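entry02.txt (compact mmCIF, C-alpha atoms and all ligand atoms)
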```
# COMPACT_ATOMS: atom_id res chain seq x y z
CA MET L 1 -80.22 -25.95 -24.21
CA ALA L 2 -80.60 -24.81 -20.59
CA VAL L 3 -78.32 -26.68 -18.19
CA VAL L 4 -79.41 -26.64 -14.54
CA SER L 5 -77.44 -28.03 -11.56
CA VAL L 6 -79.52 -29.09 -8.58
CA LEU L 7 -77.25 -28.99 -5.54
CA SER L 8 -77.03 -28.94 -1.76
CA LEU L 9 -74.46 -29.40 0.95
CA LYS L 10 -76.25 -32.42 2.35
CA GLY L 11 -78.09 -35.55 1.28
CA GLY L 12 -81.74 -36.21 1.95
CA VAL L 13 -82.96 -32.65 1.34
CA GLY L 14 -84.69 -33.49 -1.95
CA LYS L 15 -82.26 -32.89 -4.83
CA THR L 16 -83.27 -36.05 -6.65
CA SER L 17 -86.97 -35.37 -6.05
CA VAL L 18 -86.55 -31.87 -7.47
CA VAL L 19 -84.70 -33.18 -10.54
CA LEU L 20 -87.39 -35.77 -11.21
CA GLY L 21 -90.22 -33.31 -10.49
CA LEU L 22 -88.76 -30.82 -12.97
CA ALA L 23 -88.12 -33.58 -15.52
CA GLY L 24 -91.76 -34.63 -15.20
CA ALA L 25 -92.91 -31.03 -15.62
CA ALA L 26 -90.70 -30.70 -18.70
CA THR L 27 -92.15 -33.80 -20.35
CA VAL L 28 -95.67 -32.52 -19.79
CA ARG L 29 -94.62 -29.50 -21.89
CA GLY L 30 -93.02 -31.66 -24.54
CA LEU L 31 -89.46 -30.50 -23.83
CA ALA L 32 -86.59 -32.80 -24.76
CA THR L 33 -84.97 -33.39 -21.39
CA LEU L 34 -81.78 -35.05 -20.18
CA VAL L 35 -81.10 -36.02 -16.56
CA VAL L 36 -77.40 -36.33 -15.69
CA ASP L 37 -76.85 -38.39 -12.55
CA LEU L 38 -73.64 -37.17 -10.91
CA ASP L 39 -74.46 -38.72 -7.52
CA PRO L 40 -72.39 -41.90 -6.98
CA GLN L 41 -75.42 -43.32 -5.15
CA GLY L 42 -77.28 -43.26 -8.46
CA ASN L 43 -80.77 -42.73 -7.04
CA ALA L 44 -82.03 -40.81 -10.07
CA THR L 45 -80.71 -43.58 -12.31
CA SER L 46 -82.47 -46.33 -10.36
CA LEU L 47 -85.71 -44.35 -10.40
CA LEU L 48 -85.53 -43.64 -14.13
CA LYS L 49 -83.90 -46.81 -15.48
CA SER L 50 -84.93 -50.37 -14.88
CA HIS L 51 -81.98 -51.80 -16.84
CA LYS L 52 -78.26 -51.42 -16.16
CA THR L 53 -76.27 -49.72 -18.90
CA ARG L 54 -72.70 -50.41 -19.94
CA THR L 55 -71.47 -46.84 -20.22
CA THR L 56 -72.17 -44.31 -17.46
CA VAL L 57 -71.28 -40.79 -16.42
CA ALA L 58 -68.14 -42.24 -14.77
CA ASP L 59 -66.84 -43.17 -18.26
CA VAL L 60 -67.83 -39.73 -19.51
CA LEU L 61 -65.81 -38.01 -16.76
CA GLY L 62 -62.84 -40.24 -17.52
CA HIS L 63 -63.05 -39.62 -21.24
CA PRO L 64 -65.27 -36.63 -22.10
CA THR L 65 -65.46 -37.19 -25.85
CA ARG L 66 -68.51 -36.99 -28.09
CA GLU L 67 -68.33 -40.75 -28.64
CA THR L 68 -68.38 -41.59 -24.93
CA VAL L 69 -71.16 -39.20 -24.03
CA GLU L 70 -73.32 -40.32 -26.95
CA SER L 71 -72.84 -43.98 -26.10
CA ALA L 72 -73.81 -43.34 -22.45
CA LEU L 73 -77.14 -41.64 -23.26
CA THR L 74 -80.15 -43.84 -22.76
CA PRO L 75 -83.91 -43.29 -22.78
CA CYS L 76 -85.62 -43.62 -19.41
CA ASP L 77 -88.29 -46.17 -18.66
CA TRP L 78 -90.82 -43.50 -17.69
CA GLU L 79 -93.54 -43.25 -20.29
CA VAL L 80 -94.91 -39.72 -20.23
CA ALA L 81 -96.29 -38.31 -23.42
CA PRO L 82 -95.73 -36.12 -25.26
CA GLY L 83 -92.07 -35.55 -24.38
CA GLU L 84 -89.45 -37.92 -23.15
CA VAL L 85 -86.52 -37.96 -20.75
CA ASP L 86 -83.06 -39.30 -21.51
CA VAL L 87 -80.60 -40.30 -18.81
CA LEU L 88 -76.85 -40.05 -18.50
CA PRO L 89 -76.73 -42.81 -15.90
CA GLY L 90 -74.79 -42.60 -12.67
CA HIS L 91 -72.34 -45.12 -11.26
CA ALA L 92 -70.65 -45.79 -7.92
CA ASN L 93 -67.26 -45.25 -9.60
CA THR L 94 -68.10 -41.58 -10.07
CA ILE L 95 -66.82 -41.12 -6.51
CA ARG L 96 -63.27 -41.31 -7.93
CA PHE L 97 -63.84 -37.90 -9.49
CA ASP L 98 -64.91 -36.27 -6.23
CA ALA L 99 -61.38 -36.10 -4.80
CA TRP L 100 -59.28 -32.96 -5.07
CA THR L 101 -56.05 -33.52 -6.91
CA GLY L 102 -54.70 -30.12 -5.93
CA GLY L 103 -53.32 -29.35 -9.38
CA PRO L 104 -54.94 -27.25 -12.09
CA TRP L 105 -58.43 -28.41 -12.89
CA ARG L 106 -60.18 -28.64 -16.24
CA PRO L 107 -63.93 -29.15 -16.32
CA LYS L 108 -64.76 -32.49 -17.93
CA LEU L 109 -68.53 -32.62 -17.77
CA ALA L 110 -68.80 -29.19 -19.41
CA ARG L 111 -66.68 -30.49 -22.26
CA ALA L 112 -68.77 -33.64 -22.62
CA LEU L 113 -72.10 -31.78 -22.59
CA GLY L 114 -70.72 -29.34 -25.13
CA HIS L 115 -70.91 -32.19 -27.66
CA LEU L 116 -74.68 -32.50 -27.22
CA ASP L 117 -77.48 -30.68 -28.92
CA GLY L 118 -81.15 -31.40 -29.37
CA TYR L 119 -82.07 -31.10 -25.69
CA ASP L 120 -84.14 -28.22 -24.40
CA LEU L 121 -83.29 -28.89 -20.77
CA VAL L 122 -80.46 -30.70 -18.98
CA LEU L 123 -80.89 -31.35 -15.24
CA ILE L 124 -77.83 -32.39 -13.24
CA ASP L 125 -78.47 -34.29 -10.00
CA CYS L 126 -75.48 -33.49 -7.79
CA PRO L 127 -73.93 -35.65 -5.06
CA PRO L 128 -74.68 -34.79 -1.41
CA SER L 129 -71.50 -32.74 -0.92
CA LEU L 130 -69.83 -29.66 -2.36
CA GLY L 131 -66.74 -31.41 -3.69
CA ALA L 132 -65.17 -31.80 -7.10
CA LEU L 133 -68.23 -33.47 -8.64
CA THR L 134 -70.55 -30.60 -7.75
CA ARG L 135 -67.91 -28.28 -9.16
CA GLU L 136 -68.03 -30.30 -12.41
CA ALA L 137 -71.80 -29.80 -12.47
CA LEU L 138 -71.61 -26.04 -11.82
CA ALA L 139 -68.88 -25.53 -14.40
CA ALA L 140 -71.19 -27.16 -16.97
CA SER L 141 -74.33 -25.21 -16.03
CA ASP L 142 -76.19 -22.05 -16.96
CA LEU L 143 -78.21 -22.14 -13.76
CA ALA L 144 -77.74 -23.38 -10.19
CA LEU L 145 -80.74 -24.41 -8.12
CA VAL L 146 -80.00 -24.87 -4.42
CA VAL L 147 -82.24 -27.22 -2.41
CA THR L 148 -82.68 -27.01 1.34
CA THR L 149 -85.04 -28.02 4.10
CA PRO L 150 -86.42 -25.32 6.41
CA SER L 151 -84.00 -26.01 9.26
CA TYR L 152 -81.05 -24.43 11.04
CA PHE L 153 -78.48 -26.66 9.33
CA GLY L 154 -80.33 -26.26 6.05
CA ALA L 155 -79.73 -22.51 6.16
CA GLN L 156 -76.04 -23.10 6.87
CA GLY L 157 -75.90 -25.47 3.92
CA VAL L 158 -77.37 -22.80 1.63
CA GLU L 159 -74.60 -20.39 2.65
CA ARG L 160 -71.94 -22.95 1.74
CA ALA L 161 -73.62 -23.76 -1.57
CA MET L 162 -73.75 -20.03 -2.44
CA ALA L 163 -70.04 -19.68 -1.74
CA GLU L 164 -69.32 -22.61 -4.05
CA ILE L 165 -71.47 -21.10 -6.82
CA ASP L 166 -69.56 -17.79 -6.51
CA GLU L 167 -66.24 -19.60 -6.61
CA VAL L 168 -67.12 -21.50 -9.80
CA ARG L 169 -68.52 -18.35 -11.41
CA LYS L 170 -65.33 -16.48 -10.62
CA ASN L 171 -62.86 -19.10 -11.74
CA HIS L 172 -64.49 -21.43 -14.23
CA ASN L 173 -67.88 -20.35 -15.58
CA ARG L 174 -68.67 -16.65 -15.82
CA ASP L 175 -72.13 -17.36 -17.22
CA LEU L 176 -73.32 -19.32 -14.19
CA GLN L 177 -76.43 -17.79 -12.59
CA LEU L 178 -78.23 -18.60 -9.39
CA ALA L 179 -81.74 -19.72 -10.36
CA GLY L 180 -83.04 -19.80 -6.82
CA ILE L 181 -83.42 -21.70 -3.56
CA VAL L 182 -86.00 -24.47 -3.29
CA VAL L 183 -87.25 -24.79 0.28
CA ASN L 184 -88.46 -28.39 0.37
CA ARG L 185 -90.59 -30.45 2.78
CA VAL L 186 -92.24 -27.44 4.35
CA ARG L 187 -94.98 -27.98 6.91
CA SER L 188 -97.10 -24.87 6.85
CA VAL L 189 -98.20 -25.44 10.45
CA ALA L 190 -94.62 -25.43 11.77
CA GLU L 191 -93.51 -22.07 13.17
CA GLU L 192 -89.86 -23.11 12.87
CA HIS L 193 -90.34 -23.61 9.12
CA GLN L 194 -91.83 -20.15 8.70
CA TYR L 195 -88.97 -18.68 10.67
CA ARG L 196 -86.41 -20.36 8.38
CA GLU L 197 -88.24 -19.16 5.28
CA HIS L 198 -88.17 -15.56 6.54
CA GLU L 199 -84.49 -15.92 7.36
CA LEU L 200 -83.67 -17.07 3.80
CA VAL L 201 -85.77 -14.27 2.29
CA GLU L 202 -83.99 -11.74 4.45
CA ILE L 203 -80.52 -12.94 3.49
CA TYR L 204 -81.00 -13.81 -0.19
CA GLY L 205 -84.00 -11.72 -1.20
CA ARG L 206 -87.63 -12.49 -1.96
CA SER L 207 -87.06 -13.32 -5.63
CA THR L 208 -84.33 -15.87 -4.81
CA VAL L 209 -86.52 -18.11 -2.66
CA MET L 210 -88.65 -20.16 -5.09
CA LYS L 211 -92.37 -19.67 -4.57
CA PRO L 212 -94.58 -21.46 -3.68
CA LEU L 213 -92.48 -23.31 -1.09
CA MET L 214 -92.51 -27.08 -1.67
CA PRO L 215 -94.71 -28.75 0.93
CA GLU L 216 -94.10 -32.10 2.57
CA ARG L 217 -96.39 -34.46 0.62
CA ILE L 218 -96.63 -38.24 0.60
CA ALA L 219 -97.24 -38.04 -3.18
CA VAL L 220 -93.49 -37.42 -3.67
CA GLN L 221 -92.70 -40.73 -2.01
CA GLN L 222 -95.54 -42.51 -3.82
CA ALA L 223 -94.12 -41.34 -7.15
CA GLU L 224 -90.77 -42.88 -6.20
CA GLY L 225 -92.44 -46.09 -5.10
CA TYR L 226 -94.42 -46.40 -8.34
CA GLY L 227 -91.43 -45.46 -10.52
CA GLN L 228 -93.46 -42.60 -11.99
CA PRO L 229 -93.18 -38.85 -12.23
CA VAL L 230 -95.16 -37.09 -9.52
CA GLN L 231 -97.24 -35.58 -12.35
CA LEU L 232 -98.93 -38.99 -12.67
CA VAL L 233 -99.89 -39.26 -8.99
CA LYS L 234 -103.54 -38.29 -9.23
CA THR L 235 -104.18 -37.20 -5.66
CA ALA L 236 -104.67 -33.68 -4.31
CA GLY L 237 -101.08 -33.74 -3.03
CA GLY L 238 -99.74 -35.03 -6.36
CA ARG L 239 -101.50 -32.27 -8.27
CA GLU L 240 -100.29 -29.64 -5.83
CA VAL L 241 -96.65 -30.75 -6.13
CA ALA L 242 -96.94 -31.09 -9.94
CA ASP L 243 -98.32 -27.53 -10.21
CA ILE L 244 -95.44 -26.18 -8.13
CA TYR L 245 -92.87 -27.92 -10.34
CA GLY L 246 -94.61 -26.37 -13.33
CA THR L 247 -94.15 -22.93 -11.75
CA TYR L 248 -90.48 -23.63 -10.96
CA LEU L 249 -89.85 -24.81 -14.51
CA THR L 250 -91.33 -21.62 -15.95
CA LYS L 251 -89.03 -19.56 -13.73
CA LEU L 252 -85.98 -21.61 -14.73
CA LEU L 253 -86.69 -21.35 -18.46
CA LYS L 254 -87.17 -17.60 -18.12
CA ALA L 255 -83.87 -17.22 -16.27
CA ALA L 256 -82.06 -19.31 -18.89
CA ARG L 257 -83.18 -17.14 -21.78
N1 LIG U 1 -91.67 -32.58 -0.70
C1 LIG U 1 -91.50 -33.80 -0.18
N2 LIG U 1 -92.48 -34.39 0.54
C2 LIG U 1 -92.29 -35.61 1.06
N3 LIG U 1 -91.18 -36.35 0.92
C3 LIG U 1 -90.16 -35.82 0.23
C4 LIG U 1 -90.27 -34.53 -0.38
N4 LIG U 1 -89.11 -34.26 -1.02
C5 LIG U 1 -88.32 -35.33 -0.84
N5 LIG U 1 -88.94 -36.29 -0.09
C6 LIG U 1 -88.39 -37.58 0.31
O1 LIG U 1 -87.21 -37.38 1.03
C7 LIG U 1 -86.27 -38.39 0.73
C8 LIG U 1 -84.96 -37.73 0.30
O2 LIG U 1 -85.18 -37.02 -0.90
P1 LIG U 1 -84.12 -37.08 -2.09
O3 LIG U 1 -84.71 -36.37 -3.23
O4 LIG U 1 -83.67 -38.49 -2.32
O5 LIG U 1 -82.93 -36.23 -1.44
P2 LIG U 1 -81.44 -36.02 -1.96
O6 LIG U 1 -81.41 -36.33 -3.41
O7 LIG U 1 -81.13 -34.60 -1.65
O8 LIG U 1 -80.58 -36.95 -1.16
C9 LIG U 1 -86.88 -39.26 -0.36
O9 LIG U 1 -87.36 -40.44 0.20
C10 LIG U 1 -88.01 -38.42 -0.90
O10 LIG U 1 -89.10 -39.19 -1.32
MG MG U 2 -80.24 -37.69 -4.42
```

Let me see the structure of the file written as C-alpha cells.
Ligand SMILES: Nc1ncnc2c1ncn2[C@@H]1O[C@H](COP(=O)(O)OP(=O)(O)O)[C@@H](O)[C@H]1O
Ligand SMILES: [Mg+2]
Amino acid sequence: MAVVSVLSLKGGVGKTSVVLGLAGAATVRGLATLVVDLDPQGNATSLLKSHKTRTTVADVLGHPTRETVESALTPCDWEVAPGEVDVLPGHANTIRFDAWTGGPWRPKLARALGHLDGYDLVLIDCPPSLGALTREALAASDLALVVTTPSYFGAQGVERAMAEIDEVRKNHNRDLQLAGIVVNRVRSVAEEHQYREHELVEIYGRSTVMKPLMPERIAVQQAEGYGQPVQLVKTAGGREVADIYGTYLTKLLKAAR
C-alpha cells in the first residue's frame, strides 16, 4: 500500500485536481485506490460522493481505531472500470485538528491508516495550509507530492512545503520521501512560466520536477463539472491530461517500491 500526500502551502493550485487525476489513472490500471479528504472544505468528497455519510475523517482523527476508520470508508460514485475508488470523506469539523496544541503530538491518521489493508494506493488531499492536518498527512505517508503553479509565490510555497516535509521526516516519519513537484496550470507560451520551471529545476533538481509539466486545460474543469475523472473527458485536452497523470502514477509507484 503506497500512501501519497498531495500538499501545498496555498489553496487553488490544483491539489484536489491532482488527487482526482491520479485516482482516475489508478482505476484505469485496476488499482484499489482510497482517497482521504483531509481538507475541511471537502472538495474531493463533493466531487467523488453524491451522498452525505455519517462517519467522516473528522471522526477518524478524533478516534483513530480500526472500527472508526472502517465505518467511515465508502465507495465513490464514480463508475470507472475495471478498478474502483473508495473515499474517506472529509468534513468541516476537521478544522478542529488543524490547531497546534503545543504539547507532544502523536500522529492519528497514521494510526488509523495502519488498520487498513487491501488498497494499492492511498491518496491524501491536504488542506490549503501547512498546519497540523498536513502534518498528520505527512506522518502517515510514504511519499509527498508538492503541487505549485508556475509563479513567484508558488516557488515560495514550494520552499515552505519542503521545509515541512523535512521536519516531519526528522521527527515523525523517517520513511517519508519526496516524490516530486507537480507544476500545474502551465501555459507553454508564457515566458514567466518557463522562467519559474527553470528556477525550480535549478533549486530542486531535474528529477524532482515532475515531467511533463501539467498544462492549463479546460478538460480539468469539465471533469469536475461532469463529476467524472478526467480520463473520461474525450477531448484532445482530456487525453493529454490523462496521459500525464498516467506518467506521474508510474513515477509514484516506482518511488514507493
Ligand atoms: N491543469 C489545470 N487546467 C485548468 N484548470 C485547472 C487545472 N488544475 C486545476 N484547475 C482548476 O483550478 C481550480 C483549483 O484547483 P483545485 O484542484 O481545487 O486546487 P486546490 O485543491 O489546491 O485548492 C479548480 O477549479 C480546477 O478545476
Ligand atoms: Mg482542494

Non-local contacts of Glu240 in chain L (12 Å; all atoms listed in the file; under 3 positions in same chain excluded) as a PyMOL selection string: chain L and resi 21+212-220+230-237+243-247

Do a neighbour search on Asp39 in chain L at 8 Å with only C-alpha atoms, toss out local chain neighbours closer than 2 positions, and write the hits as an NGL selection string. :L and (37 or 41-43 or 90-91 or 94 or 125-128)

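Picture a line from atom C5 of ligand LIG 1 (chain U) to CA of Tyr226 in chain L; it runs 14.7 Å.
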
Test item: residues at most 10 Å from Arg169 in chain L, all atoms listed in the file, excluding those fewer than 6 positions along its chain, as JSON, numbers by chain: {"L": [138, 139, 163, 175, 176, 177, 178]}

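One finds CA of Thr27 in chain L at 28.5 Å from CA of Arg206 in chain L.
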
Residue completion, range 18-43 of chain L, N, CA and C atoms, as a CSV table (one decimal), in the coordinates of the input:
```
chain,number,residue,atom,x,y,z
L,18,VAL,N,-86.4,-33.1,-6.7
L,18,VAL,CA,-86.6,-31.9,-7.5
L,18,VAL,C,-86.2,-32.1,-8.9
L,19,VAL,N,-85.1,-32.9,-9.2
L,19,VAL,CA,-84.7,-33.2,-10.5
L,19,VAL,C,-85.8,-33.9,-11.2
L,20,LEU,N,-86.4,-35.0,-10.6
L,20,LEU,CA,-87.4,-35.8,-11.2
L,20,LEU,C,-88.7,-35.0,-11.4
L,21,GLY,N,-89.0,-34.1,-10.4
L,21,GLY,CA,-90.2,-33.3,-10.5
L,21,GLY,C,-90.1,-32.3,-11.7
L,22,LEU,N,-88.9,-31.7,-11.8
L,22,LEU,CA,-88.8,-30.8,-13.0
L,22,LEU,C,-88.7,-31.6,-14.3
L,23,ALA,N,-88.1,-32.8,-14.3
L,23,ALA,CA,-88.1,-33.6,-15.5
L,23,ALA,C,-89.6,-33.9,-15.9
L,24,GLY,N,-90.4,-34.3,-14.9
L,24,GLY,CA,-91.8,-34.6,-15.2
L,24,GLY,C,-92.5,-33.4,-15.7
L,25,ALA,N,-92.3,-32.3,-15.1
L,25,ALA,CA,-92.9,-31.0,-15.6
L,25,ALA,C,-92.5,-30.7,-17.1
L,26,ALA,N,-91.2,-31.0,-17.4
L,26,ALA,CA,-90.7,-30.7,-18.7
L,26,ALA,C,-91.3,-31.6,-19.7
L,27,THR,N,-91.5,-32.9,-19.4
L,27,THR,CA,-92.2,-33.8,-20.4
L,27,THR,C,-93.6,-33.4,-20.6
L,28,VAL,N,-94.3,-33.0,-19.6
L,28,VAL,CA,-95.7,-32.5,-19.8
L,28,VAL,C,-95.7,-31.4,-20.9
L,29,ARG,N,-94.7,-30.6,-20.9
L,29,ARG,CA,-94.6,-29.5,-21.9
L,29,ARG,C,-94.0,-29.9,-23.2
L,30,GLY,N,-93.6,-31.2,-23.3
L,30,GLY,CA,-93.0,-31.7,-24.5
L,30,GLY,C,-91.6,-31.2,-24.8
L,31,LEU,N,-90.9,-30.9,-23.7
L,31,LEU,CA,-89.5,-30.5,-23.8
L,31,LEU,C,-88.6,-31.8,-23.9
L,32,ALA,N,-87.6,-31.7,-24.7
L,32,ALA,CA,-86.6,-32.8,-24.8
L,32,ALA,C,-85.6,-32.6,-23.6
L,33,THR,N,-85.6,-33.6,-22.7
L,33,THR,CA,-85.0,-33.4,-21.4
L,33,THR,C,-83.9,-34.5,-21.1
L,34,LEU,N,-82.8,-34.1,-20.6
L,34,LEU,CA,-81.8,-35.0,-20.2
L,34,LEU,C,-81.5,-34.9,-18.7
L,35,VAL,N,-81.5,-36.0,-18.0
L,35,VAL,CA,-81.1,-36.0,-16.6
L,35,VAL,C,-79.7,-36.6,-16.5
L,36,VAL,N,-78.8,-35.9,-15.9
L,36,VAL,CA,-77.4,-36.3,-15.7
L,36,VAL,C,-77.3,-36.7,-14.2
L,37,ASP,N,-76.9,-37.9,-13.9
L,37,ASP,CA,-76.8,-38.4,-12.6
L,37,ASP,C,-75.4,-38.4,-12.1
L,38,LEU,N,-75.0,-37.3,-11.4
L,38,LEU,CA,-73.6,-37.2,-10.9
L,38,LEU,C,-73.5,-37.7,-9.5
L,39,ASP,N,-74.6,-38.2,-8.9
L,39,ASP,CA,-74.5,-38.7,-7.5
L,39,ASP,C,-74.0,-40.2,-7.6
L,40,PRO,N,-72.9,-40.5,-7.0
L,40,PRO,CA,-72.4,-41.9,-7.0
L,40,PRO,C,-73.4,-42.9,-6.4
L,41,GLN,N,-74.4,-42.4,-5.6
L,41,GLN,CA,-75.4,-43.3,-5.2
L,41,GLN,C,-76.4,-43.7,-6.2
L,42,GLY,N,-76.5,-42.9,-7.3
L,42,GLY,CA,-77.3,-43.3,-8.5
L,42,GLY,C,-78.8,-43.4,-8.2
L,43,ASN,N,-79.3,-42.6,-7.3
L,43,ASN,CA,-80.8,-42.7,-7.0
L,43,ASN,C,-81.6,-42.3,-8.2
```
